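Here's the structure we're looking at; comments come further down.
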Amino acid sequence: MQHFSDAGAGDLVLAMADRIIANKAYLSEIDGKIGDGDHGVNMAKGFGMAADRLRGGTPSLSEALDALGTVLMGEIGGSMGPLYGVMFTGFAEALKGDGTIDANTFSRMLHAGLGEVQAIGGAKVGDKTLLDALVPAIQAFDAAVASGASFAVALSALTKAADEGRDSTVDLVAKLGRASRLGERSRGVLDAGATSCALILSTLAEGATAKLAS
C-alpha cells in the first residue's frame with residue numbers, strides 16, 4: 001500500500017511523545033555541554049502535555065500535530081518550543097483536507113513545516129541546528145520518491161539522512177543561540193535540536209511505515 005489514512009493516525013504523535021520522553025535525560029545531557037541543558041526537560045514537558053490531551057481519543061494525524069504544535073508554542077520554555085511549534089502546526093495545516101496521506105502529501109507536509117521553521121529561525125544548514133537533520137531528511141525523501149522508490153523506501157531514506165545529518169553536527173561550529181558564544185569550543189558535540197529532530201523524524205517514519213504495511 002502506498003498511502004495511509006489521516007483519520008485515527010494521531011497515534012503517531014503519541015509515539016513521538018513517548019520517544020522524546022524516553023530520551024529526556026539524554027537530550028538535556030547533550031544540550032548541557034554547549035547550551036542551557038534544558039532541551040530534554042522542555043521537550044518532554046511539551047510532548048507529555050500534548051500526549052495527555054490526546055490519549056483516550058482517536059484524533060487524526062493532522063489534529064494531533066496541531067495540538068502538539070499549539071502546546072509547544074504556548075506552554076513550554078526555551079528557544080525550541082516556538083521552532084518545533086510552528087513546524088508541527090505547519091505539518092498539520094498541510095494535511096488538512098487530505099483524507100489519505102501518500103508520498104506526495106507527506107513531502108508537502110515536510111516542506112510546510114520546514115518553511116515555517118525557516119521563516120522564524122533564520123538558520124541554514126551548517127549552523128548546527130535542527131535544520132542539519134531536517135533538511136537532508138526531506139531532500140533524501142524527495143530524491144527517493146523522484147527515483148521511483150516506494151513510500152516505505154523513501155521513509156527509510158528519510159530516517160537514514162536525518163541520522164547522518166544529526167551526526168554531522170559534531171563537526172560543526174554553532175552559529176546561533178547560546179552555543180554560538182563558544183565559537184570553536186562548540187565543535188565536537190552533537191546539537192541537541194538536530195538530535196531531537198532525528199528522533200522525531202525516525203519515529204514518524206517508523207509509524208507511517210507500519211501503517212503502510214497494515
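Ordering of the C-alpha cells sets the chain letters (A, B, ...); residue numbers start at 1 within each chain; ligands are numbered from 1 in the order shown.
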Find the residues around Ala157 in chain A up to 9 Å (only C-alpha atoms counted), leave out those fewer than 3 positions away in its own chain, and share them as a VMD selection string. chain A and resid 137 140 to 141 143 to 144 152 to 154 160 to 162
Can you tell me which residues surround range 108-114 of chain A at a distance of at most 9 Å, considering only C-alpha atoms, apart from same-chain residues fewer than 3 positions away, and format the answer as a VMD selection string? chain A and resid 84 86 to 95 103 to 105 117 to 119 131 134 to 135 138
Just write the chosen residues, C-alpha atoms, as a PDB file, in the first residue's frame.
ATOM      1  CA  TYR A  84       9.020  22.982  16.858  1.00  0.00           C
ATOM      2  CA  VAL A  86       5.471  26.190  14.077  1.00  0.00           C
ATOM      3  CA  MET A  87       6.946  23.104  12.432  1.00  0.00           C
ATOM      4  CA  PHE A  88       4.171  20.874  13.720  1.00  0.00           C
ATOM      5  CA  THR A  89       1.391  23.353  13.030  1.00  0.00           C
ATOM      6  CA  GLY A  90       2.845  23.695   9.530  1.00  0.00           C
ATOM      7  CA  PHE A  91       2.706  19.909   9.187  1.00  0.00           C
ATOM      8  CA  ALA A  92      -0.916  19.930  10.360  1.00  0.00           C
ATOM      9  CA  GLU A  93      -2.027  22.700   8.031  1.00  0.00           C
ATOM     10  CA  ALA A  94      -0.557  20.902   5.033  1.00  0.00           C
ATOM     11  CA  LEU A  95      -2.540  17.744   5.837  1.00  0.00           C
ATOM     12  CA  ALA A 103       4.314  10.173  -0.504  1.00  0.00           C
ATOM     13  CA  ASN A 104       3.474  13.451  -2.233  1.00  0.00           C
ATOM     14  CA  THR A 105       1.249  14.558   0.648  1.00  0.00           C
ATOM     15  CA  VAL A 117      10.912  26.972  10.844  1.00  0.00           C
ATOM     16  CA  GLN A 118      12.978  28.884   8.308  1.00  0.00           C
ATOM     17  CA  ALA A 119      10.592  31.823   8.451  1.00  0.00           C
ATOM     18  CA  LEU A 131      17.881  22.036  10.184  1.00  0.00           C
ATOM     19  CA  LEU A 134      15.543  18.156   8.864  1.00  0.00           C
ATOM     20  CA  VAL A 135      16.756  19.472   5.518  1.00  0.00           C
ATOM     21  CA  ILE A 138      13.487  15.989   3.330  1.00  0.00           C
TER      22      ILE A 138
END
Please determine, counting only C-alpha atoms, which residue among A:Ala146, A:Ala44, A:Val170, A:Ala123 has the shortest atom-to-atom distance to Lys24 in chain A. A:Ala44
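Between CA of Asp18 in chain A and CA of Val189 in chain A the interatomic distance comes to 24.6 Å.
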Nearest to Ile76 in chain A among A:Asp38, A:Asp127, A:Glu63, A:Asp98, with distances taken over only C-alpha atoms: which residue is it? A:Asp38
Polymer residues at most 10 Å from Leu212 in chain A, only C-alpha atoms, same-chain spacing of 6 or more positions, as an MDAnalysis selection string: chainID A and resid 1:5 101:102 151:152 206
Quick one: residues within 8 Å of range 202-205 of chain A, only C-alpha atoms, excluding same-chain residues fewer than 6 positions away - as a VMD selection string? chain A and resid 12 to 13 15 to 16 19 155 to 156 158 to 159 162
Given the choices A:Val41, A:Ile30, A:Cys197, A:Ala213, which gets closest to Pro136 in chain A if the distance is worked out from only C-alpha atoms?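 Closest to Pro136 in chain A of all the choices is A:Cys197.
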Range 47-150 of chain A: which residues are alpha helix (DSSP H) by DSSP, as a ChimeraX atom specification? /A:47-54,61-75,80-95,103-121,131-146
Shell of 7 Å around range 57-62 of chain A, only C-alpha atoms, local chain residues under 3 positions omitted, as number ranges by chain: A: 6-10, 54, 65-66, 92, 95-96
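Going from CA of Gly207 in chain A over to CA of Gly99 in chain A, you cover 17.3 Å.
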Interatomic distance between CA of Ile20 in chain A and CA of Ala208 in chain A? 17.4 Å
DSSP strand (DSSP E or B) residues within chain A, listed as a VMD selection string: chain A and resid 3 to 5 100 to 102
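Remark: for Asp163 in chain A, the closest of the candidate residues A:Leu190, A:Ala149, A:Thr100, A:Thr195 is A:Thr195 (distances computed over only C-alpha atoms).
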Taking into account only C-alpha atoms, which residue in the set A:Ala17, A:Asp36, A:Asp171, A:Glu29 is nearest to Ala50 in chain A? A:Ala17
